[in-house]
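Have a look at coords21.pdb; it's PDB, C-alpha atoms and all ligand atoms:
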```pdb
ATOM      1  CA  MET A   1       5.136   1.932  -5.893
ATOM      2  CA  SER A   2       2.873   3.219  -8.606
ATOM      3  CA  PRO A   3       3.385   3.390 -12.363
ATOM      4  CA  HIS A   4       1.880   6.910 -12.334
ATOM      5  CA  HIS A   5       4.958   8.232 -10.626
ATOM      6  CA  GLN A   6       7.196   6.329 -12.987
ATOM      7  CA  ASN A   7       5.842   7.580 -16.296
ATOM      8  CA  GLY A   8       3.808  10.615 -15.217
ATOM      9  CA  LYS A   9       0.557   9.378 -16.792
ATOM     10  CA  LYS A  10      -1.908  10.470 -14.133
ATOM     11  CA  MET A  11      -5.519  10.644 -15.301
ATOM     12  CA  LYS A  12      -7.711  13.520 -14.155
ATOM     13  CA  SER A  13     -11.345  13.078 -13.160
ATOM     14  CA  LYS A  14     -14.006  15.776 -13.111
ATOM     15  CA  ASP A  15     -16.211  13.762 -10.845
ATOM     16  CA  LYS A  16     -16.846  16.141  -7.967
ATOM     17  CA  ALA A  17     -18.599  13.557  -5.778
ATOM     18  CA  LYS A  18     -15.579  11.294  -5.905
ATOM     19  CA  LYS A  19     -13.283  14.200  -5.110
ATOM     20  CA  LEU A  20     -15.394  14.994  -2.061
ATOM     21  CA  VAL A  21     -15.119  11.384  -0.911
ATOM     22  CA  ILE A  22     -11.336  11.608  -1.286
ATOM     23  CA  LYS A  23     -11.316  14.859   0.671
ATOM     24  CA  ALA A  24     -13.320  13.238   3.476
ATOM     25  CA  CYS A  25     -10.912  10.280   3.556
ATOM     26  CA  ASN A  26      -8.080  12.653   4.293
ATOM     27  CA  GLN A  27      -9.582  13.284   7.732
ATOM     28  CA  ASP A  28      -7.954  10.697   9.994
ATOM     29  CA  SER A  29     -10.346   7.776  10.614
ATOM     30  CA  PHE A  30      -7.848   5.193  11.902
ATOM     31  CA  GLY A  31      -8.548   6.420  15.453
ATOM     32  CA  GLU A  32     -12.008   4.793  15.319
ATOM     33  CA  LEU A  33     -10.578   1.362  14.458
ATOM     34  CA  VAL A  34      -9.577   0.619  18.040
ATOM     35  CA  ALA A  35      -9.454  -3.171  17.526
ATOM     36  CA  PHE A  36      -6.729  -2.599  14.930
ATOM     37  CA  HIS A  37      -4.354  -0.519  17.044
ATOM     38  CA  LYS A  38      -2.489  -3.593  18.314
ATOM     39  CA  TYR A  39      -1.193  -6.774  16.721
ATOM     40  CA  SER A  40      -0.047  -9.515  19.090
ATOM     41  CA  ARG A  41       0.371 -12.807  17.267
ATOM     42  CA  ASN A  42       3.116 -15.195  16.149
ATOM     43  CA  GLY A  43       5.667 -13.628  18.515
ATOM     44  CA  LEU A  44       4.950 -10.055  17.429
ATOM     45  CA  ASN A  45       3.693  -7.637  20.058
ATOM     46  CA  SER A  46       3.165  -4.395  18.237
ATOM     47  CA  HIS A  47       1.070  -1.282  18.136
ATOM     48  CA  LEU A  48       0.091   0.709  15.077
ATOM     49  CA  ILE A  49      -0.306   4.353  14.213
ATOM     50  CA  CYS A  50      -1.553   6.085  11.076
ATOM     51  CA  LYS A  51      -0.191   9.523  10.216
ATOM     52  CA  ARG A  52       0.277  11.951   7.386
ATOM     53  CA  VAL A  53       3.845  12.092   6.094
ATOM     54  CA  SER A  54       4.148  15.641   7.469
ATOM     55  CA  GLU A  55       3.550  14.269  10.994
ATOM     56  CA  LEU A  56       6.388  11.708  10.872
ATOM     57  CA  ASN A  57       9.610  12.539  12.667
ATOM     58  CA  ASP A  58      12.885  12.482  10.715
ATOM     59  CA  GLU A  59      14.027   9.206  12.272
ATOM     60  CA  THR A  60      10.872   7.362  11.204
ATOM     61  CA  ARG A  61      10.880   8.914   7.733
ATOM     62  CA  ILE A  62      14.514   7.896   7.205
ATOM     63  CA  TRP A  63      13.697   4.348   8.391
ATOM     64  CA  THR A  64      10.842   4.038   5.848
ATOM     65  CA  PHE A  65      13.249   4.788   3.030
ATOM     66  CA  ASP A  66      15.994   2.597   4.452
ATOM     67  CA  LEU A  67      13.651  -0.406   4.745
ATOM     68  CA  LEU A  68      12.371   0.129   1.207
ATOM     69  CA  LYS A  69      15.964   0.169  -0.012
ATOM     70  CA  ARG A  70      16.903  -3.005   1.876
ATOM     71  CA  ASN A  71      13.799  -4.889   0.736
ATOM     72  CA  MET A  72      13.386  -3.592  -2.797
ATOM     73  CA  GLN A  73      16.463  -1.944  -4.326
ATOM     74  CA  SER A  74      17.612  -5.105  -6.117
ATOM     75  CA  MET A  75      14.122  -5.585  -7.612
ATOM     76  CA  TYR A  76      14.025  -1.988  -8.856
ATOM     77  CA  ILE A  77      17.483  -2.405 -10.423
ATOM     78  CA  GLN A  78      16.180  -5.512 -12.195
ATOM     79  CA  SER A  79      13.114  -3.602 -13.467
ATOM     80  CA  ASN A  80      12.540  -1.282 -16.428
ATOM     81  CA  TRP A  81      12.152   1.605 -13.964
ATOM     82  CA  GLY A  82      15.591   1.165 -12.394
ATOM     83  CA  TRP A  83      16.435   2.530  -8.955
ATOM     84  CA  ASP A  84      16.114   6.325  -8.739
ATOM     85  CA  GLU A  85      16.608   7.338  -5.120
ATOM     86  CA  ASP A  86      15.652  11.003  -5.553
ATOM     87  CA  LYS A  87      12.468  10.185  -7.469
ATOM     88  CA  LYS A  88      11.476   7.590  -4.875
ATOM     89  CA  LYS A  89      12.011  10.086  -2.043
ATOM     90  CA  VAL A  90       9.802  12.619  -3.833
ATOM     91  CA  GLU A  91       7.070   9.976  -4.218
ATOM     92  CA  MET A  92       7.342   8.893  -0.569
ATOM     93  CA  THR A  93       7.090  12.448   0.755
ATOM     94  CA  ASP A  94       4.252  13.610  -1.509
ATOM     95  CA  ALA A  95       2.009  15.825   0.630
ATOM     96  CA  ASN A  96      -0.977  13.462   0.165
ATOM     97  CA  SER A  97       0.894  10.520   1.656
ATOM     98  CA  TRP A  98      -0.341   8.593   4.671
ATOM     99  CA  TYR A  99       1.727   6.103   6.665
ATOM    100  CA  LEU A 100       0.382   3.162   8.629
ATOM    101  CA  ILE A 101       3.283   2.100  10.853
ATOM    102  CA  ALA A 102       3.714  -0.789  13.298
ATOM    103  CA  PHE A 103       6.143  -0.497  16.232
ATOM    104  CA  ASN A 104       7.409  -3.265  18.497
ATOM    105  CA  GLU A 105       7.356  -3.175  22.301
ATOM    106  CA  ASN A 106      10.697  -1.269  22.268
ATOM    107  CA  GLU A 107       9.107   1.447  20.093
ATOM    108  CA  ASN A 108      11.187   0.429  17.085
ATOM    109  CA  PRO A 109       9.296   0.560  13.776
ATOM    110  CA  ILE A 110       8.910  -2.883  12.167
ATOM    111  CA  ALA A 111       6.486  -2.422   9.259
ATOM    112  CA  TYR A 112       4.757   0.276   7.263
ATOM    113  CA  SER A 113       2.416   0.992   4.425
ATOM    114  CA  HIS A 114       2.627   4.215   2.426
ATOM    115  CA  PHE A 115      -0.749   4.969   0.857
ATOM    116  CA  GLN A 116      -2.767   7.757  -0.688
ATOM    117  CA  TYR A 117      -6.439   8.416  -1.354
ATOM    118  CA  ASP A 118      -6.827   9.288  -5.007
ATOM    119  CA  ILE A 119      -8.848   9.203  -8.208
ATOM    120  CA  ASP A 120      -7.274   6.571 -10.449
ATOM    121  CA  TYR A 121      -8.623   6.212 -13.991
ATOM    122  CA  GLY A 122     -11.912   7.696 -12.776
ATOM    123  CA  ALA A 123     -12.247   5.481  -9.691
ATOM    124  CA  ALA A 124     -12.020   6.672  -6.074
ATOM    125  CA  VAL A 125      -9.311   4.443  -4.595
ATOM    126  CA  LEU A 126      -6.910   3.874  -1.782
ATOM    127  CA  TYR A 127      -3.559   3.407  -3.560
ATOM    128  CA  CYS A 128      -1.144   1.310  -1.538
ATOM    129  CA  TYR A 129       2.274   2.525  -2.696
ATOM    130  CA  GLU A 130       4.291   0.423  -0.288
ATOM    131  CA  LEU A 131       3.837  -2.428   2.120
ATOM    132  CA  GLN A 132       7.202  -3.145   3.719
ATOM    133  CA  LEU A 133       8.019  -5.347   6.686
ATOM    134  CA  GLU A 134      11.350  -5.835   8.406
ATOM    135  CA  PRO A 135      12.610  -9.265   7.266
ATOM    136  CA  GLU A 136      12.336 -10.813  10.749
ATOM    137  CA  CYS A 137       8.650  -9.776  10.955
ATOM    138  CA  GLN A 138       7.568 -11.336   7.684
ATOM    139  CA  ARG A 139       5.295 -14.399   7.437
ATOM    140  CA  LYS A 140       3.707 -13.647  10.822
ATOM    141  CA  GLY A 141       0.390 -12.325   9.560
ATOM    142  CA  MET A 142       1.322  -8.662   9.899
ATOM    143  CA  GLY A 143       1.104  -7.908   6.163
ATOM    144  CA  ARG A 144      -2.385  -9.400   6.001
ATOM    145  CA  PHE A 145      -3.409  -7.419   9.108
ATOM    146  CA  MET A 146      -2.125  -4.120   7.689
ATOM    147  CA  LEU A 147      -3.882  -4.636   4.348
ATOM    148  CA  GLN A 148      -7.088  -5.372   6.272
ATOM    149  CA  ILE A 149      -6.733  -1.944   7.907
ATOM    150  CA  LEU A 150      -6.285  -0.254   4.523
ATOM    151  CA  GLU A 151      -9.382  -2.066   3.242
ATOM    152  CA  LEU A 152     -11.409  -0.970   6.262
ATOM    153  CA  LEU A 153     -10.316   2.650   5.834
ATOM    154  CA  ALA A 154     -11.149   2.546   2.125
ATOM    155  CA  PHE A 155     -14.425   0.649   2.190
ATOM    156  CA  LYS A 156     -15.886   2.396   5.238
ATOM    157  CA  ALA A 157     -15.327   5.671   3.405
ATOM    158  CA  GLY A 158     -17.039   4.367   0.257
ATOM    159  CA  LEU A 159     -13.992   4.083  -1.992
ATOM    160  CA  GLU A 160     -14.245   1.698  -4.922
ATOM    161  CA  LYS A 161     -11.113  -0.350  -4.375
ATOM    162  CA  VAL A 162      -7.715  -0.778  -2.783
ATOM    163  CA  ILE A 163      -5.140  -0.905  -5.537
ATOM    164  CA  LEU A 164      -1.404  -1.534  -5.752
ATOM    165  CA  THR A 165       1.436  -2.364  -8.124
ATOM    166  CA  VAL A 166       3.742  -5.352  -7.820
ATOM    167  CA  PHE A 167       6.775  -6.426  -9.860
ATOM    168  CA  LEU A 168       6.329  -9.663 -11.797
ATOM    169  CA  HIS A 169       9.772 -10.631 -10.472
ATOM    170  CA  ASN A 170       8.547 -10.442  -6.859
ATOM    171  CA  PRO A 171       6.923 -13.885  -6.575
ATOM    172  CA  ALA A 172       6.637 -13.781  -2.761
ATOM    173  CA  ALA A 173       4.613 -10.549  -2.840
ATOM    174  CA  ARG A 174       2.510 -11.784  -5.770
ATOM    175  CA  SER A 175       1.627 -14.941  -3.824
ATOM    176  CA  PHE A 176       0.909 -12.905  -0.724
ATOM    177  CA  PHE A 177      -1.460 -10.460  -2.443
ATOM    178  CA  ARG A 178      -3.319 -13.279  -4.188
ATOM    179  CA  SER A 179      -3.669 -15.241  -0.976
ATOM    180  CA  VAL A 180      -5.292 -12.210   0.689
ATOM    181  CA  GLY A 181      -7.810 -11.758  -2.134
ATOM    182  CA  TYR A 182      -6.214  -9.377  -4.651
ATOM    183  CA  CYS A 183      -6.840  -9.880  -8.382
ATOM    184  CA  ILE A 184      -5.567  -8.315 -11.595
ATOM    185  CA  ASP A 185      -7.068  -4.847 -11.922
ATOM    186  CA  GLU A 186      -8.689  -3.755 -15.176
ATOM    187  CA  THR A 187      -6.026  -1.015 -15.473
ATOM    188  CA  SER A 188      -3.153  -3.519 -15.303
ATOM    189  CA  PRO A 189      -1.091  -3.262 -18.500
ATOM    190  CA  VAL A 190      -0.961  -6.149 -20.935
ATOM    191  CA  SER A 191       2.401  -6.865 -22.559
ATOM    192  CA  SER A 192       2.634  -7.085 -26.334
ATOM    193  CA  ILE A 193       5.412  -7.544 -28.876
ATOM    194  CA  GLU A 194       5.812  -3.753 -28.957
ATOM    195  CA  GLU A 195       5.789  -3.202 -25.196
ATOM    196  CA  GLN A 196       6.720  -5.467 -22.304
ATOM    197  CA  PHE A 197       5.631  -4.658 -18.752
ATOM    198  CA  ASP A 198       7.400  -6.090 -15.743
ATOM    199  CA  TYR A 199       4.724  -5.178 -13.209
ATOM    200  CA  GLU A 200       1.056  -5.859 -12.650
ATOM    201  CA  ILE A 201      -1.658  -3.852 -10.957
ATOM    202  CA  LEU A 202      -3.750  -5.711  -8.411
ATOM    203  CA  SER A 203      -6.867  -4.619  -6.577
ATOM    204  CA  LYS A 204      -9.606  -5.638  -4.186
ATOM    205  CA  HIS A 205     -13.037  -4.145  -4.827
ATOM    206  CA  ASN A 206     -15.499  -2.742  -2.332
ATOM    207  CA  LYS A 207     -18.457  -5.109  -2.239
ATOM    208  CA  ARG A 208     -20.711  -2.609  -0.465
ATOM    209  CA  LYS A 209     -23.325  -0.661  -2.397
ATOM    210  CA  ASN A 210     -23.321   3.083  -3.255
ATOM    211  CA  VAL A 211     -19.594   3.236  -3.817
ATOM    212  CA  GLY A 212     -18.435   6.821  -4.144
ATOM    213  CA  SER A 213     -21.460   8.298  -2.373
ATOM    214  CA  ASN A 214     -19.953   7.871   1.118
ATOM    215  CA  GLU A 215     -23.328   6.474   2.259
ATOM    216  CA  ASN A 216     -22.893   2.716   2.650
TER     217      ASN A 216
HETATM  218  C1  LIG A 301       5.093  -9.268   1.043
HETATM  219  C2  LIG A 301       4.839  -8.903   2.489
HETATM  220  C3  LIG A 301       4.224  -7.507   2.590
HETATM  221  C4  LIG A 301       3.826  -9.935   3.063
HETATM  222  O1  LIG A 301       3.561  -9.679   4.428
HETATM  223  P1  LIG A 301       3.735 -10.861   5.502
HETATM  224  O2  LIG A 301       3.379 -10.348   6.832
HETATM  225  O3  LIG A 301       5.105 -11.419   5.344
HETATM  226  O4  LIG A 301       2.675 -11.927   4.990
HETATM  227  P2  LIG A 301       1.583 -12.695   5.895
HETATM  228  O5  LIG A 301       2.278 -13.408   6.996
HETATM  229  O6  LIG A 301       0.500 -11.760   6.282
HETATM  230  O7  LIG A 301       1.057 -13.750   4.825
HETATM  231  C5  LIG A 301      -0.292 -14.005   4.541
HETATM  232  C6  LIG A 301      -0.357 -15.098   3.513
HETATM  233  O8  LIG A 301       0.238 -14.656   2.288
HETATM  234  C7  LIG A 301       0.965 -15.735   1.670
HETATM  235  N1  LIG A 301       2.418 -15.406   1.664
HETATM  236  C8  LIG A 301       3.041 -14.474   2.401
HETATM  237  N2  LIG A 301       4.357 -14.448   2.108
HETATM  238  C9  LIG A 301       4.552 -15.387   1.177
HETATM  239  C10 LIG A 301       5.705 -15.859   0.500
HETATM  240  N3  LIG A 301       6.916 -15.340   0.759
HETATM  241  N4  LIG A 301       5.571 -16.865  -0.390
HETATM  242  C11 LIG A 301       4.347 -17.409  -0.639
HETATM  243  N5  LIG A 301       3.210 -17.006  -0.008
HETATM  244  C12 LIG A 301       3.311 -16.007   0.878
HETATM  245  C13 LIG A 301       0.714 -16.963   2.540
HETATM  246  O9  LIG A 301      -0.436 -17.610   2.049
HETATM  247  C14 LIG A 301       0.437 -16.339   3.877
HETATM  248  O10 LIG A 301      -0.347 -17.136   4.721
HETATM  249  P3  LIG A 301       0.400 -18.273   5.630
HETATM  250  O11 LIG A 301       1.612 -17.648   6.245
HETATM  251  O12 LIG A 301      -0.647 -18.648   6.627
HETATM  252  O13 LIG A 301       0.775 -19.364   4.669
HETATM  253  C15 LIG A 301       6.135  -8.963   3.353
HETATM  254  O14 LIG A 301       6.638 -10.277   3.337
HETATM  255  C16 LIG A 301       7.217  -7.999   2.903
HETATM  256  O15 LIG A 301       7.329  -6.897   3.457
HETATM  257  N6  LIG A 301       8.043  -8.425   1.917
HETATM  258  C17 LIG A 301       9.156  -7.612   1.423
HETATM  259  C18 LIG A 301       8.703  -6.348   0.721
HETATM  260  C19 LIG A 301       7.726  -6.592  -0.405
HETATM  261  O16 LIG A 301       7.960  -7.369  -1.336
HETATM  262  N7  LIG A 301       6.614  -5.843  -0.327
HETATM  263  C20 LIG A 301       5.576  -5.858  -1.351
HETATM  264  C21 LIG A 301       5.932  -4.861  -2.397
HETATM  265  S1  LIG A 301       4.696  -4.745  -3.642
END
```
Output the file's structure as structure tokens, nothing else.
Amino acid sequence: MSPHHQNGKKMKSKDKAKKLVIKACNQDSFGELVAFHKYSRNGLNSHLICKRVSELNDETRIWTFDLLKRNMQSMYIQSNWGWDEDKKKVEMTDANSWYLIAFNENENPIAYSHFQYDIDYGAAVLYCYELQLEPECQRKGMGRFMLQILELLAFKAGLEKVILTVFLHNPAARSFFRSVGYCIDETSPVSSIEEQFDYEILSKHNKRKNVGSNEN
């Protein structure tokens, strides 16, 4: 999820270099990460693919929404955003969307991340919109493994950070993201008497030099 899609406050950047980096990211580079095409630990024996939303078949696309609904609907209902199925479907099928998906040995999907390469408040980022695992696959290291892939894709390409939004009333996810090195991002909103926010924005920064130049 991303607050941009909730309140339509997307910032525009005129930084051409960063836009070129984003354009380059949209060429598939998961293929090169051969060591990350399989995950066989803690009873999981899965393989991963990374595709544009336009390349997903209907069955897989429907499953991504169904899993989101099973895992998250109650948290959205509890939030200021509420649960808006049509809006969520529009966000999940945005033409810039990429999906990292894990399948088990029976070719059933068990986990996915929906992400996009973007300019966010002037920074070239990989925005992780969703990280969703089937309940029986949670706490087996798969979430950590998938985030590692997103970080590799982002940092190899010279992006500044991997960024994501999490509800304050999702303590499990907040603990997870902190335990894998995510911190409050400078764009995370701060609640005041006038305005209360029920989400926070977390990020992990690229520690390599020359961020944005695509020449690490
Ligand atoms: C949150 C989620 C993505 C985490 O992925 P995961 O594969 O279950 O987590 P991992 O096994 O990789 O956990 C890595 C570490 O994070 C921490 N962690 C993970 N889940 C946690 C939980 N429920 N409570 C506290 N800490 C947790 C632990 O330190 C864990 O290491 P450990 O298992 O060795 O103790 C996954 O559980 C999920 O899909 N949850 C439901 C949907 C959701 O909330 N998504 C995030 C939306 S923003």
If the PyMOL selection byres (((chain A and resi 120) around 12) and not hetatm) were run on this exact file, what residues would it hold? Put them as a PyMOL selection string.
chain A and resi 2-4+9-15+18-19+22+116-119+121-127+159-164+185-188+201+203
Explicit residues for the PyMOL selection byres (((not hetatm)) within 6 of (chain A and resi 301)) (as a PyMOL selection string):
chain A and resi 71+130-133+138-144+166+172-173+175-176+179
Selection under test: the PyMOL selection byres (((chain A and resi 113) around 10) and not hetatm); residues as a PyMOL selection string:
chain A and resi 50+64+98-102+111-112+114-116+128-133+143+146-147+150
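Going from atom CA of Asp94 of chain A over to atom CA of Pro189 of chain A, you cover 24.5 Å.
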Separating atom CA of Ser79 of chain A from atom CA of Glu195 of chain A, to the nearest tenth of an Å, is a gap of 13.8 Å
Computed gap from atom CA of Leu152 of chain A to atom CA of Asp28 of chain A is 12.7 Å
All residues 12 Å or closer to segment 82-86 of chain A, all atoms listed in the file, same chain fewer than 4 positions away omitted, as number ranges by chain:
A: 1, 5-6, 65-66, 68-69, 72-78, 90-93, 167, 198
Keeping only C-alpha atoms, take the residues you just selected and write them out as a PDB file, keeping the file's coordinate frame.
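After the write, part.pdb holds the following:
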```
ATOM      1  CA  MET A   1       5.136   1.932  -5.893  1.00  0.00           C
ATOM      2  CA  HIS A   5       4.958   8.232 -10.626  1.00  0.00           C
ATOM      3  CA  GLN A   6       7.196   6.329 -12.987  1.00  0.00           C
ATOM      4  CA  PHE A  65      13.249   4.788   3.030  1.00  0.00           C
ATOM      5  CA  ASP A  66      15.994   2.597   4.452  1.00  0.00           C
ATOM      6  CA  LEU A  68      12.371   0.129   1.207  1.00  0.00           C
ATOM      7  CA  LYS A  69      15.964   0.169  -0.012  1.00  0.00           C
ATOM      8  CA  MET A  72      13.386  -3.592  -2.797  1.00  0.00           C
ATOM      9  CA  GLN A  73      16.463  -1.944  -4.326  1.00  0.00           C
ATOM     10  CA  SER A  74      17.612  -5.105  -6.117  1.00  0.00           C
ATOM     11  CA  MET A  75      14.122  -5.585  -7.612  1.00  0.00           C
ATOM     12  CA  TYR A  76      14.025  -1.988  -8.856  1.00  0.00           C
ATOM     13  CA  ILE A  77      17.483  -2.405 -10.423  1.00  0.00           C
ATOM     14  CA  GLN A  78      16.180  -5.512 -12.195  1.00  0.00           C
ATOM     15  CA  VAL A  90       9.802  12.619  -3.833  1.00  0.00           C
ATOM     16  CA  GLU A  91       7.070   9.976  -4.218  1.00  0.00           C
ATOM     17  CA  MET A  92       7.342   8.893  -0.569  1.00  0.00           C
ATOM     18  CA  THR A  93       7.090  12.448   0.755  1.00  0.00           C
ATOM     19  CA  PHE A 167       6.775  -6.426  -9.860  1.00  0.00           C
ATOM     20  CA  ASP A 198       7.400  -6.090 -15.743  1.00  0.00           C
TER      21      ASP A 198
END
```
Cys137 of chain A surroundings by all atoms listed in the file, 12 Å radius, close-in-sequence under 6 positions cut, as a ChimeraX atom specification:
/A:39-46,102-104,109-112,143
Would you save the residues of that selection, restricted to C-alpha atoms, as an mmCIF file, keeping the file's coordinate frame?
```cif
data_model
loop_
_atom_site.group_PDB
_atom_site.id
_atom_site.type_symbol
_atom_site.label_atom_id
_atom_site.label_comp_id
_atom_site.auth_asym_id
_atom_site.auth_seq_id
_atom_site.Cartn_x
_atom_site.Cartn_y
_atom_site.Cartn_z
ATOM 1 C CA TYR A 39 -1.193 -6.774 16.721
ATOM 2 C CA SER A 40 -0.047 -9.515 19.090
ATOM 3 C CA ARG A 41 0.371 -12.807 17.267
ATOM 4 C CA ASN A 42 3.116 -15.195 16.149
ATOM 5 C CA GLY A 43 5.667 -13.628 18.515
ATOM 6 C CA LEU A 44 4.950 -10.055 17.429
ATOM 7 C CA ASN A 45 3.693 -7.637 20.058
ATOM 8 C CA SER A 46 3.165 -4.395 18.237
ATOM 9 C CA ALA A 102 3.714 -0.789 13.298
ATOM 10 C CA PHE A 103 6.143 -0.497 16.232
ATOM 11 C CA ASN A 104 7.409 -3.265 18.497
ATOM 12 C CA PRO A 109 9.296 0.560 13.776
ATOM 13 C CA ILE A 110 8.910 -2.883 12.167
ATOM 14 C CA ALA A 111 6.486 -2.422 9.259
ATOM 15 C CA TYR A 112 4.757 0.276 7.263
ATOM 16 C CA GLY A 143 1.104 -7.908 6.163
#
```
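Closest approach to Ser97 of chain A among A:Leu67, A:Leu202, A:Leu33, A:Cys25 is made by A:Cys25 (distances from all atoms listed in the file).
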